[in-house]
$ cat protein_15.txt   # compact mmCIF, C-alpha atoms
# COMPACT_ATOMS: atom_id res chain seq x y z
CA MET A 128 6.01 -5.84 14.29
CA ALA A 129 5.33 -3.17 16.92
CA GLU A 130 4.83 0.35 15.64
CA PRO A 131 7.03 3.12 17.07
CA PRO A 132 5.11 5.90 18.82
CA LEU A 133 4.08 8.81 16.64
CA PRO A 134 4.40 12.47 17.63
CA GLU A 135 1.17 13.83 19.06
CA VAL A 136 -0.64 16.50 17.04
CA PRO A 137 -2.93 18.88 18.99
CA ALA A 138 -6.55 18.71 17.85
CA GLU A 139 -6.58 22.44 17.11
CA ALA A 140 -3.50 22.19 14.85
CA LEU A 141 -5.16 21.49 11.53
CA PRO A 142 -2.79 20.51 8.73
CA ASP A 143 -1.73 22.82 5.94
CA VAL A 144 -1.67 19.89 3.53
CA LEU A 145 -3.63 16.64 3.61
CA LEU A 146 -2.62 13.72 1.40
CA THR A 147 -3.68 10.17 0.76
CA GLY A 148 -2.39 7.56 -1.66
CA LEU A 149 -0.22 4.50 -2.06
CA LEU A 150 3.22 4.46 -0.50
CA PHE A 151 6.19 2.51 -1.87
CA TYR A 152 9.70 1.67 -0.79
CA ASP A 153 11.83 2.79 -3.72
CA LEU A 154 15.19 1.35 -4.76
CA VAL A 155 16.68 3.51 -7.51
CA LEU A 156 19.53 2.35 -9.77
CA THR A 157 21.45 4.93 -11.79
CA GLY A 158 24.49 5.08 -14.06
CA LEU A 159 23.32 2.55 -16.65
CA ASP A 160 24.49 2.96 -20.23
CA ARG A 161 21.67 0.75 -21.47
CA PRO A 162 18.82 -1.34 -20.03
CA PRO A 163 19.47 -4.99 -19.20
CA THR A 164 18.26 -7.81 -21.40
CA PRO A 165 17.00 -11.22 -20.20
CA GLY A 166 19.84 -13.48 -19.13
CA GLU A 167 22.46 -10.82 -18.50
CA GLU A 168 23.75 -8.96 -15.46
CA ILE A 169 24.64 -5.26 -15.55
CA TRP A 170 26.44 -3.42 -12.79
CA THR A 171 25.19 0.10 -12.07
CA GLY A 172 27.19 3.16 -11.15
CA GLY A 173 24.88 4.39 -8.38
CA MET A 174 22.03 3.38 -6.09
CA GLY A 175 19.68 5.10 -3.66
CA CYS A 176 16.69 4.12 -1.55
CA GLY A 177 13.85 5.75 0.36
CA PRO A 178 10.07 6.19 0.63
CA GLY A 179 8.24 6.77 -2.65
CA GLY A 180 4.77 7.11 -4.12
CA ILE A 181 2.61 9.47 -2.08
CA ALA A 182 5.63 10.04 0.19
CA ASN A 183 7.17 12.12 -2.58
CA LEU A 184 4.46 14.76 -2.18
CA ALA A 185 4.36 14.53 1.60
CA VAL A 186 8.08 15.03 2.14
CA ALA A 187 8.30 17.81 -0.44
CA ALA A 188 5.48 19.69 1.31
CA ALA A 189 6.81 19.13 4.82
CA ARG A 190 10.22 20.49 3.83
CA TYR A 191 8.60 23.88 3.22
CA GLY A 192 7.48 23.96 6.83
CA LEU A 193 3.90 23.04 5.96
CA THR A 194 2.16 20.89 8.55
CA THR A 195 1.50 17.75 6.57
CA SER A 196 -0.88 14.89 7.33
CA LEU A 197 -0.61 11.65 5.35
CA ALA A 198 -3.17 8.85 5.18
CA THR A 199 -1.62 5.72 3.70
CA VAL A 200 -1.09 2.02 4.37
CA LEU A 201 2.20 0.51 5.52
CA GLY A 202 3.08 -3.15 5.74
CA ASP A 203 4.23 -4.73 9.00
CA ASP A 204 7.62 -5.45 7.47
CA PHE A 205 11.08 -3.90 7.28
CA TYR A 206 10.09 -1.59 4.43
CA GLY A 207 7.02 -0.28 6.23
CA ALA A 208 8.92 0.30 9.47
CA TYR A 209 11.69 2.11 7.61
CA CYS A 210 9.25 4.38 5.76
CA ARG A 211 7.32 5.13 8.94
CA ASP A 212 10.51 6.09 10.76
CA VAL A 213 11.68 8.37 7.95
CA LEU A 214 8.33 10.09 7.46
CA ALA A 215 7.19 10.50 11.09
CA ARG A 216 10.42 10.88 13.04
CA ARG A 217 12.80 12.47 10.56
CA GLU A 218 10.43 14.53 8.37
CA GLY A 219 7.80 15.38 11.01
CA ILE A 220 4.84 14.17 8.94
CA ASP A 221 1.65 13.32 10.85
CA LEU A 222 0.74 9.66 10.24
CA SER A 223 -2.19 9.47 12.64
CA LEU A 224 -4.53 8.76 9.68
CA SER A 225 -2.26 6.00 8.35
CA ARG A 226 -2.54 2.32 9.19
CA THR A 227 -0.14 -0.57 9.45
CA ALA A 228 -1.69 -3.69 7.87
CA PRO A 229 -0.72 -6.99 9.52
CA GLY A 230 0.46 -9.58 7.01
CA TRP A 231 0.49 -7.11 4.12
CA SER A 232 3.72 -6.28 2.33
CA THR A 233 4.73 -2.69 1.70
CA PRO A 234 4.96 -2.26 -2.11
CA VAL A 235 8.56 -2.16 -3.34
CA THR A 236 9.59 -0.48 -6.60
CA VAL A 237 12.91 -0.85 -8.38
CA SER A 238 13.48 2.21 -10.57
CA ILE A 239 16.06 2.00 -13.36
CA ALA A 240 16.89 5.62 -14.15
CA ARG A 241 18.37 6.54 -17.53
CA GLY A 242 18.51 10.15 -18.69
CA ASP A 243 15.22 12.01 -18.31
CA ASP A 244 13.15 8.88 -17.79
CA ARG A 245 13.09 5.62 -15.86
CA ALA A 246 11.68 2.10 -16.02
CA LEU A 247 9.85 0.71 -13.00
CA LEU A 248 9.43 -2.80 -11.62
CA THR A 249 7.06 -3.08 -8.66
CA HIS A 250 6.13 -5.84 -6.24
CA GLY A 251 2.91 -5.41 -4.27
CA GLN A 252 -0.80 -6.03 -3.85
CA GLU A 253 -3.83 -3.81 -3.45
CA PRO A 254 -3.88 -2.27 0.04
CA PRO A 255 -6.46 -3.67 2.49
CA TYR A 256 -7.82 -0.19 3.28
CA ALA A 257 -9.43 2.07 0.68
CA GLN A 258 -8.65 5.78 0.62
CA ASP A 259 -12.18 6.69 1.70
CA GLU A 260 -11.75 4.45 4.76
CA LEU A 261 -8.41 6.03 5.61
CA MET A 262 -9.83 9.53 5.22
CA ARG A 263 -12.90 8.93 7.37
CA GLY A 264 -12.74 11.54 10.08
CA ALA A 265 -9.90 13.46 8.40
CA PRO A 266 -9.68 17.10 9.50
CA ALA A 267 -10.21 20.08 7.27
CA ALA A 268 -7.00 21.48 5.83
CA ARG A 269 -5.81 24.47 3.86
CA ALA A 270 -5.08 22.18 0.91
CA ALA A 271 -5.37 18.53 -0.06
CA VAL A 272 -3.48 16.76 -2.82
CA VAL A 273 -5.17 13.89 -4.63
CA HIS A 274 -4.31 11.53 -7.46
CA LEU A 275 -7.49 11.17 -9.53
CA GLY A 276 -8.54 7.68 -10.51
CA ALA A 277 -11.34 6.15 -12.54
CA GLU A 278 -13.56 5.82 -9.45
CA PRO A 279 -14.47 9.09 -7.66
CA GLN A 280 -13.51 9.24 -3.98
CA GLU A 281 -16.18 10.16 -1.45
CA TRP A 282 -13.79 12.06 0.82
CA LEU A 283 -13.08 14.61 -1.90
CA GLY A 284 -16.58 16.07 -1.79
CA LYS A 285 -16.50 16.34 2.00
CA ALA A 286 -13.09 18.01 1.93
CA ALA A 287 -14.16 20.52 -0.71
CA ALA A 288 -17.33 21.29 1.23
CA SER A 289 -15.25 22.04 4.34
CA GLY A 290 -13.27 24.67 2.43
CA THR A 291 -10.19 22.59 1.68
CA ARG A 292 -8.61 23.52 -1.65
CA ILE A 293 -8.10 20.36 -3.71
CA PHE A 294 -4.99 20.11 -5.91
CA ALA A 295 -5.25 17.12 -8.24
CA ASP A 296 -2.98 15.22 -10.59
CA VAL A 297 -3.50 12.08 -12.64
CA GLY A 298 -1.42 9.18 -13.91
CA TRP A 299 -0.86 7.55 -17.25
CA ASP A 300 -3.76 5.32 -18.29
CA PRO A 301 -2.22 1.91 -19.14
CA THR A 302 -5.38 1.00 -21.08
CA GLU A 303 -4.93 4.18 -23.17
CA ARG A 304 -8.70 4.68 -23.14
CA TRP A 305 -8.42 8.02 -21.34
CA PRO A 306 -12.05 8.17 -20.12
CA THR A 307 -13.25 11.75 -20.25
CA GLU A 308 -15.56 11.00 -17.30
CA LEU A 309 -12.51 11.31 -15.06
CA LEU A 310 -12.51 15.05 -15.75
CA ASP A 311 -15.93 15.33 -14.09
CA GLN A 312 -14.09 15.11 -10.77
CA LEU A 313 -12.47 18.47 -11.48
CA ALA A 314 -15.70 20.14 -10.37
CA LEU A 315 -14.49 19.53 -6.79
CA CYS A 316 -10.94 20.73 -7.41
CA HIS A 317 -9.17 24.05 -7.12
CA ALA A 318 -6.24 23.07 -9.37
CA PHE A 319 -5.29 20.30 -11.81
CA LEU A 320 -1.66 19.55 -12.71
CA PRO A 321 -1.27 16.86 -15.42
CA ASN A 322 1.72 16.49 -17.72
CA LYS A 323 1.29 17.29 -21.41
CA GLY A 324 0.69 13.69 -22.49
CA GLU A 325 -2.00 13.16 -19.88
CA ALA A 326 -3.60 16.54 -20.55
CA MET A 327 -3.85 16.06 -24.32
CA SER A 328 -5.08 12.48 -23.99
CA TYR A 329 -7.86 13.24 -21.52
CA THR A 330 -9.02 16.35 -23.40
CA ARG A 331 -8.72 14.76 -26.87
CA THR A 332 -6.58 17.69 -28.08
CA ASP A 333 -3.39 17.81 -30.12
CA SER A 334 -1.36 20.47 -28.30
CA PRO A 335 -0.68 21.54 -24.70
CA ALA A 336 -2.19 24.98 -25.43
CA ALA A 337 -5.44 23.43 -26.68
CA ALA A 338 -5.54 21.08 -23.69
CA LEU A 339 -5.03 24.00 -21.31
CA ALA A 340 -7.90 25.90 -22.89
CA ARG A 341 -10.16 22.89 -22.42
CA LEU A 342 -9.10 22.33 -18.80
CA ALA A 343 -9.55 26.01 -17.98
CA ASP A 344 -13.27 25.50 -18.55
CA LEU A 345 -13.34 22.75 -15.92
CA VAL A 346 -11.14 23.89 -13.02
CA PRO A 347 -10.13 27.30 -11.61
CA VAL A 348 -6.38 26.68 -11.90
CA ALA A 349 -5.04 24.50 -14.73
CA VAL A 350 -1.33 23.68 -15.01
CA ILE A 351 0.35 21.52 -17.66
CA THR A 352 3.93 20.42 -17.12
CA LEU A 353 6.10 20.13 -20.22
CA GLY A 354 9.22 18.39 -18.90
CA ARG A 355 12.38 20.11 -20.08
CA GLU A 356 10.21 22.70 -21.87
CA GLY A 357 8.84 24.07 -18.59
CA ALA A 358 5.16 24.55 -17.80
CA LEU A 359 2.14 26.62 -18.77
CA ALA A 360 -0.91 27.52 -16.73
CA VAL A 361 -4.00 29.66 -16.35
CA ASP A 362 -5.54 30.88 -13.09
CA GLN A 363 -9.17 31.87 -13.57
CA THR A 364 -9.37 33.25 -10.02
CA THR A 365 -6.80 35.96 -10.80
CA GLY A 366 -7.03 36.19 -14.60
CA GLU A 367 -3.36 35.22 -14.96
CA HIS A 368 -1.82 33.23 -17.81
CA ALA A 369 1.83 32.14 -17.69
CA ARG A 370 4.39 29.99 -19.43
CA VAL A 371 7.86 29.48 -17.98
CA GLU A 372 11.00 27.66 -19.03
CA ALA A 373 12.45 24.78 -17.03
CA LEU A 374 15.72 25.01 -15.14
CA ASP A 375 18.53 23.63 -17.28
CA THR A 376 20.04 20.91 -15.11
CA GLU A 377 21.71 17.53 -15.42
CA VAL A 378 19.35 14.65 -14.65
CA LEU A 379 20.52 11.84 -12.39
CA ASP A 380 17.11 10.47 -11.42
CA ALA A 381 13.75 11.86 -12.57
CA THR A 382 11.76 9.70 -10.12
CA GLY A 383 9.17 11.84 -8.35
CA ALA A 384 10.08 15.13 -10.05
CA GLY A 385 6.43 15.73 -10.94
CA ASP A 386 5.44 15.22 -7.31
CA VAL A 387 8.05 17.73 -6.15
CA PHE A 388 6.67 20.17 -8.73
CA GLY A 389 3.14 19.64 -7.44
CA ALA A 390 3.98 20.04 -3.76
CA SER A 391 6.02 23.16 -4.50
CA PHE A 392 3.15 24.65 -6.51
CA VAL A 393 0.84 23.99 -3.57
CA ALA A 394 3.26 25.69 -1.16
CA ALA A 395 3.56 28.76 -3.39
CA SER A 396 -0.22 28.85 -3.91
CA LEU A 397 -0.82 28.84 -0.15
CA GLY A 398 1.58 31.78 -0.02
CA GLY A 399 -0.56 33.70 -2.53
CA TRP A 400 2.23 34.13 -5.09
CA PRO A 401 1.66 35.34 -8.69
CA LEU A 402 1.12 32.50 -11.16
CA ALA A 403 4.43 32.87 -13.00
CA ASP A 404 6.35 32.80 -9.71
CA ARG A 405 4.45 29.70 -8.61
CA LEU A 406 5.43 27.93 -11.83
CA ARG A 407 9.08 29.00 -11.69
CA PHE A 408 9.36 28.00 -8.04
CA ALA A 409 7.84 24.58 -8.67
CA GLY A 410 10.01 24.04 -11.73
CA LEU A 411 13.13 25.05 -9.82
CA ALA A 412 12.39 22.60 -7.01
CA ALA A 413 11.72 19.79 -9.49
CA GLY A 414 14.91 20.67 -11.38
CA LEU A 415 16.98 20.51 -8.21
CA SER A 416 15.39 17.19 -7.20
CA VAL A 417 16.47 15.34 -10.36
CA GLY A 418 20.10 15.81 -9.41
CA ARG A 419 19.71 13.35 -6.53
CA HIS A 420 18.44 9.81 -6.05
CA GLY A 421 14.82 9.11 -5.22
CA GLY A 422 11.68 11.22 -5.34
CA ALA A 423 10.83 11.85 -1.67
CA LEU A 424 14.27 12.44 -0.19
CA ALA A 425 15.47 14.39 -3.24
CA ALA A 426 13.03 17.23 -2.49
CA PRO A 427 15.11 20.35 -1.78
CA GLY A 428 12.83 22.13 0.67
CA TRP A 429 13.62 25.68 1.76
CA TYR A 430 17.17 24.66 2.63
CA GLY A 431 17.94 23.43 -0.87
CA ILE A 432 16.24 26.38 -2.57
CA ASP A 433 18.09 28.85 -0.35
CA ARG A 434 21.43 27.18 -0.97
CA TRP A 435 20.89 27.20 -4.75
CA TRP A 436 19.94 30.88 -4.72
CA ARG A 437 22.98 31.92 -2.68
CA THR A 438 25.51 29.79 -4.55
CA THR A 439 24.14 29.85 -8.10
CA GLY A 440 20.94 31.77 -8.77
CA ARG A 441 21.83 35.29 -7.73
CA LYS A 442 25.32 35.08 -9.27
CA ASP A 443 23.99 34.53 -12.81
CA LEU A 444 22.27 37.47 -14.53
CA GLY A 445 19.75 35.34 -16.41
CA LEU A 446 18.86 33.26 -13.36
CA ARG A 447 18.67 36.36 -11.18
CA ARG A 448 16.14 37.88 -13.56
CA ALA A 449 14.01 34.73 -13.67
CA TYR A 450 14.17 33.83 -9.98
CA GLY A 451 14.73 37.21 -8.35
CA PHE A 452 11.40 36.87 -6.54
CA LEU A 453 13.14 34.42 -4.21
CA ALA A 454 15.05 37.24 -2.54
CA ASP A 455 11.83 38.47 -0.91
CA ARG A 456 10.29 35.08 -0.24
CA LEU A 457 13.05 32.88 1.15
CA PRO A 458 12.65 32.52 4.92
CA ALA A 459 15.26 34.14 7.14
CA ASP A 460 15.97 30.68 8.56
CA PRO A 461 15.68 28.00 5.85
CA GLY A 462 16.20 25.27 8.43
CA PRO A 463 18.86 22.58 8.78
CA PRO A 464 20.23 20.59 5.83
CA VAL A 465 17.69 18.07 4.54
CA HIS A 466 18.31 14.34 4.64
CA HIS A 467 18.90 12.77 1.25
CA ALA A 468 18.52 9.14 0.24
CA PRO A 469 21.19 6.70 1.37
CA VAL A 470 23.28 6.24 -1.77
CA THR A 471 26.31 4.53 -3.22
CA PRO A 472 28.89 5.62 -4.05
CA HIS A 473 28.95 7.66 -0.82
CA THR A 474 30.66 10.60 -2.50
CA LEU A 475 27.45 11.59 -4.37

$ encode --input "protein_15.txt" --output "structure tokens"
Amino acid sequence: MAEPPLPEVPAEALPDVLLTGLLFYDLVLTGLDRPPTPGEEIWTGGMGCGPGGIANLAVAAARYGLTTSLATVLGDDFYGAYCRDVLARREGIDLSLSRTAPGWSTPVTVSIARGDDRALLTHGQEPPYAQDELMRGAPAARAAVVHLGAEPQEWLGKAAASGTRIFADVGWDPTERWPTELLDQLALCHAFLPNKGEAMSYTRTDSPAAALARLADLVPVAVITLGREGALAVDQTTGEHARVEALDTEVLDATGAGDVFGASFVAASLGGWPLADRLRFAGLAAGLSVGRHGGALAAPGWYGIDRWWRTTGRKDLGLRRAYGFLADRLPADPGPPVHHAPVTPHTL
């Protein structure tokens, strides 16, 4: 399958954000009263589709006007072509570091969303190109976002040495061994953003506060997300400590909310915001994203944040107190409406 041409990026235009990781085509089903059991068929009340995985972070960052470069692998199939078109043409993400793999299928994930959580079923194989191979020759950037794994990645050290600030997260360990050696990689990182379960498991602690204290010894900026309870963080570079509440919102689909939080925290960090404002901003973006289908295309961007502030935030005294910092930080032109995931029913 022939690849569509990508927009040219001048050599001198270094990206604000550099990302690498596995991309998926996500199909999200919502509106289920209960999960299906073997042998039965359940009809859902809603469905959405779009790019997922590392695309969640890339789209969320690009929608803040950050020049975003993504190194990933796409299959030479319908799903890969669709994701490439959405990311490069519609979202303006630079895919010059990405590769299309002949004969390889783009991973496809079916997400069954119920309440604050979801179950995932994925079809796919290991990509034919490793992240270090994709990132060979990658430019320096203001920030890079990485998902830490058991095996350290060579490109991380080179990026850190070039002055790129590394923002890292981590996933759930299916073996539940939680090797503490993984935390050694934090020596290369500027910030680490696990959720509370991951943080406590890797640090062998029994509370988010204790985990944060442990992580603060390992990385300049440590953030622990607490789901509906908000987030807490410490920034050793500024001496700030903060804990904020989450936005109270109805959850349609929580897929990718953590990625939206992470990309939004990166955007606010590049803007030099105080720690509490960074956390509130990231939590607000994540809270708005869960009201729509899919992780990547649910990201609100400046347009969604601006619309929420004008229609809801500044009209409520409590919200105005918590998010009043937006009045001075929202851009004069938040851009056009963002594209959301194709969904059914079409009235959503």

$ residues_around --input "protein_15.txt" --residues "A:Asp221" --least-positions-apart "4" --cutoff "7 Å" --atoms "all atoms listed in the file" --output "list in words"
Thr195, Ser196, Leu197 and Ala215 of chain A

$ residues_around --input "protein_15.txt" --residues "A:Asp204" --least-positions-apart "6" --cutoff "12 Å" --atoms "only C-alpha atoms" --output "short mmCIF file (atom, residue, chain, number, x, y, z; two decimals) with C-alpha atoms, in the frame of the given file"
data_model
loop_
_atom_site.label_atom_id
_atom_site.label_comp_id
_atom_site.auth_asym_id
_atom_site.auth_seq_id
_atom_site.Cartn_x
_atom_site.Cartn_y
_atom_site.Cartn_z
CA MET A 128 6.01 -5.84 14.29
CA ALA A 129 5.33 -3.17 16.92
CA GLU A 130 4.83 0.35 15.64
CA TYR A 152 9.70 1.67 -0.79
CA CYS A 210 9.25 4.38 5.76
CA ARG A 211 7.32 5.13 8.94
CA THR A 227 -0.14 -0.57 9.45
CA ALA A 228 -1.69 -3.69 7.87
CA PRO A 229 -0.72 -6.99 9.52
CA GLY A 230 0.46 -9.58 7.01
CA TRP A 231 0.49 -7.11 4.12
CA SER A 232 3.72 -6.28 2.33
CA THR A 233 4.73 -2.69 1.70
CA PRO A 234 4.96 -2.26 -2.11
CA VAL A 235 8.56 -2.16 -3.34
#

$ closest_residue --input "protein_15.txt" --among "A:Gly431, A:Trp299, A:Leu345, A:Ala449" --to "A:Glu372" --atoms "all atoms listed in the file"
A:Ala449

$ atom_distance --input "protein_15.txt" --atom1 "atom CA of A:Val273" --atom2 "atom CA of A:Thr147"
6.7 Å

$ atom_distance --input "protein_15.txt" --atom1 "atom CA of A:Leu339" --atom2 "atom CA of A:Gly389"
16.7 Å

$ residues_around --input "protein_15.txt" --residues "A:Leu353" --least-positions-apart "4" --cutoff "6 Å" --atoms "only C-alpha atoms" --output "list in words"
Lys323, Gly357 and Ala358 of chain A

$ atom_distance --input "protein_15.txt" --atom1 "atom CA of A:Met174" --atom2 "atom CA of A:Val155"
5.5 Å

$ residues_around --input "protein_15.txt" --residues "A:Glu308" --least-positions-apart "2" --cutoff "10 Å" --atoms "all atoms listed in the file" --output "ChimeraX atom specification"
/A:277-279,305-306,310-313,329

$ build_atoms --input "protein_15.txt" --residues "stretch 273-283 of chain A" --atoms "all heavy atoms" --output "short mmCIF file (atom, residue, chain, number, x, y, z; two decimals), in the coordinates of the input"
data_model
loop_
_atom_site.label_atom_id
_atom_site.label_comp_id
_atom_site.auth_asym_id
_atom_site.auth_seq_id
_atom_site.Cartn_x
_atom_site.Cartn_y
_atom_site.Cartn_z
N VAL A 273 -4.54 15.16 -4.30
CA VAL A 273 -5.17 13.89 -4.63
C VAL A 273 -4.74 13.44 -6.02
O VAL A 273 -4.53 14.25 -6.93
CB VAL A 273 -6.71 14.00 -4.56
CG1 VAL A 273 -7.23 15.01 -5.57
CG2 VAL A 273 -7.37 12.64 -4.79
N HIS A 274 -4.58 12.15 -6.16
CA HIS A 274 -4.31 11.53 -7.46
C HIS A 274 -5.65 10.98 -7.96
O HIS A 274 -6.21 10.05 -7.39
CB HIS A 274 -3.29 10.41 -7.29
CG HIS A 274 -2.91 9.73 -8.56
ND1 HIS A 274 -1.96 10.25 -9.41
CD2 HIS A 274 -3.34 8.59 -9.13
CE1 HIS A 274 -1.82 9.44 -10.45
NE2 HIS A 274 -2.65 8.42 -10.30
N LEU A 275 -6.19 11.59 -9.02
CA LEU A 275 -7.49 11.17 -9.53
C LEU A 275 -7.42 9.80 -10.18
O LEU A 275 -6.48 9.50 -10.92
CB LEU A 275 -8.01 12.19 -10.54
CG LEU A 275 -8.26 13.61 -10.04
CD1 LEU A 275 -8.82 14.47 -11.16
CD2 LEU A 275 -9.21 13.62 -8.85
N GLY A 276 -8.42 8.98 -9.89
CA GLY A 276 -8.54 7.68 -10.51
C GLY A 276 -9.88 7.54 -11.21
O GLY A 276 -10.70 8.47 -11.21
N ALA A 277 -10.10 6.37 -11.79
CA ALA A 277 -11.34 6.15 -12.54
C ALA A 277 -12.56 6.25 -11.64
O ALA A 277 -13.62 6.73 -12.06
CB ALA A 277 -11.29 4.79 -13.23
N GLU A 278 -12.44 5.80 -10.38
CA GLU A 278 -13.56 5.82 -9.45
C GLU A 278 -13.46 7.06 -8.56
O GLU A 278 -12.45 7.26 -7.88
CB GLU A 278 -13.56 4.55 -8.60
CG GLU A 278 -13.80 3.28 -9.38
CD GLU A 278 -15.17 3.27 -10.06
OE1 GLU A 278 -16.13 3.82 -9.47
OE2 GLU A 278 -15.27 2.74 -11.17
N PRO A 279 -14.49 7.91 -8.53
CA PRO A 279 -14.47 9.09 -7.66
C PRO A 279 -14.35 8.68 -6.19
O PRO A 279 -14.85 7.62 -5.78
CB PRO A 279 -15.82 9.75 -7.93
CG PRO A 279 -16.23 9.24 -9.28
CD PRO A 279 -15.69 7.85 -9.36
N GLN A 280 -13.70 9.50 -5.40
CA GLN A 280 -13.51 9.24 -3.98
C GLN A 280 -14.46 10.10 -3.16
O GLN A 280 -14.54 11.31 -3.35
CB GLN A 280 -12.05 9.52 -3.59
CG GLN A 280 -11.06 8.65 -4.35
CD GLN A 280 -9.62 9.09 -4.12
OE1 GLN A 280 -9.24 9.38 -3.00
NE2 GLN A 280 -8.83 9.15 -5.19
N GLU A 281 -15.15 9.46 -2.24
CA GLU A 281 -16.18 10.16 -1.45
C GLU A 281 -15.58 11.28 -0.60
O GLU A 281 -16.20 12.32 -0.42
CB GLU A 281 -16.89 9.14 -0.57
CG GLU A 281 -18.01 9.71 0.26
CD GLU A 281 -18.70 8.66 1.12
OE1 GLU A 281 -18.59 7.46 0.78
OE2 GLU A 281 -19.31 9.04 2.13
N TRP A 282 -14.37 11.08 -0.09
CA TRP A 282 -13.79 12.06 0.82
C TRP A 282 -13.53 13.39 0.14
O TRP A 282 -13.50 14.44 0.81
CB TRP A 282 -12.51 11.53 1.46
CG TRP A 282 -11.32 11.49 0.55
CD1 TRP A 282 -10.90 10.45 -0.21
CD2 TRP A 282 -10.37 12.55 0.33
NE1 TRP A 282 -9.77 10.78 -0.91
CE2 TRP A 282 -9.41 12.05 -0.58
CE3 TRP A 282 -10.23 13.85 0.81
CZ2 TRP A 282 -8.33 12.83 -1.03
CZ3 TRP A 282 -9.16 14.62 0.37
CH2 TRP A 282 -8.24 14.11 -0.53
N LEU A 283 -13.37 13.38 -1.19
CA LEU A 283 -13.08 14.61 -1.90
C LEU A 283 -14.21 15.64 -1.75
O LEU A 283 -13.97 16.82 -1.52
CB LEU A 283 -12.85 14.32 -3.38
CG LEU A 283 -11.46 13.93 -3.82
CD1 LEU A 283 -11.41 13.69 -5.32
CD2 LEU A 283 -10.45 14.99 -3.42
#
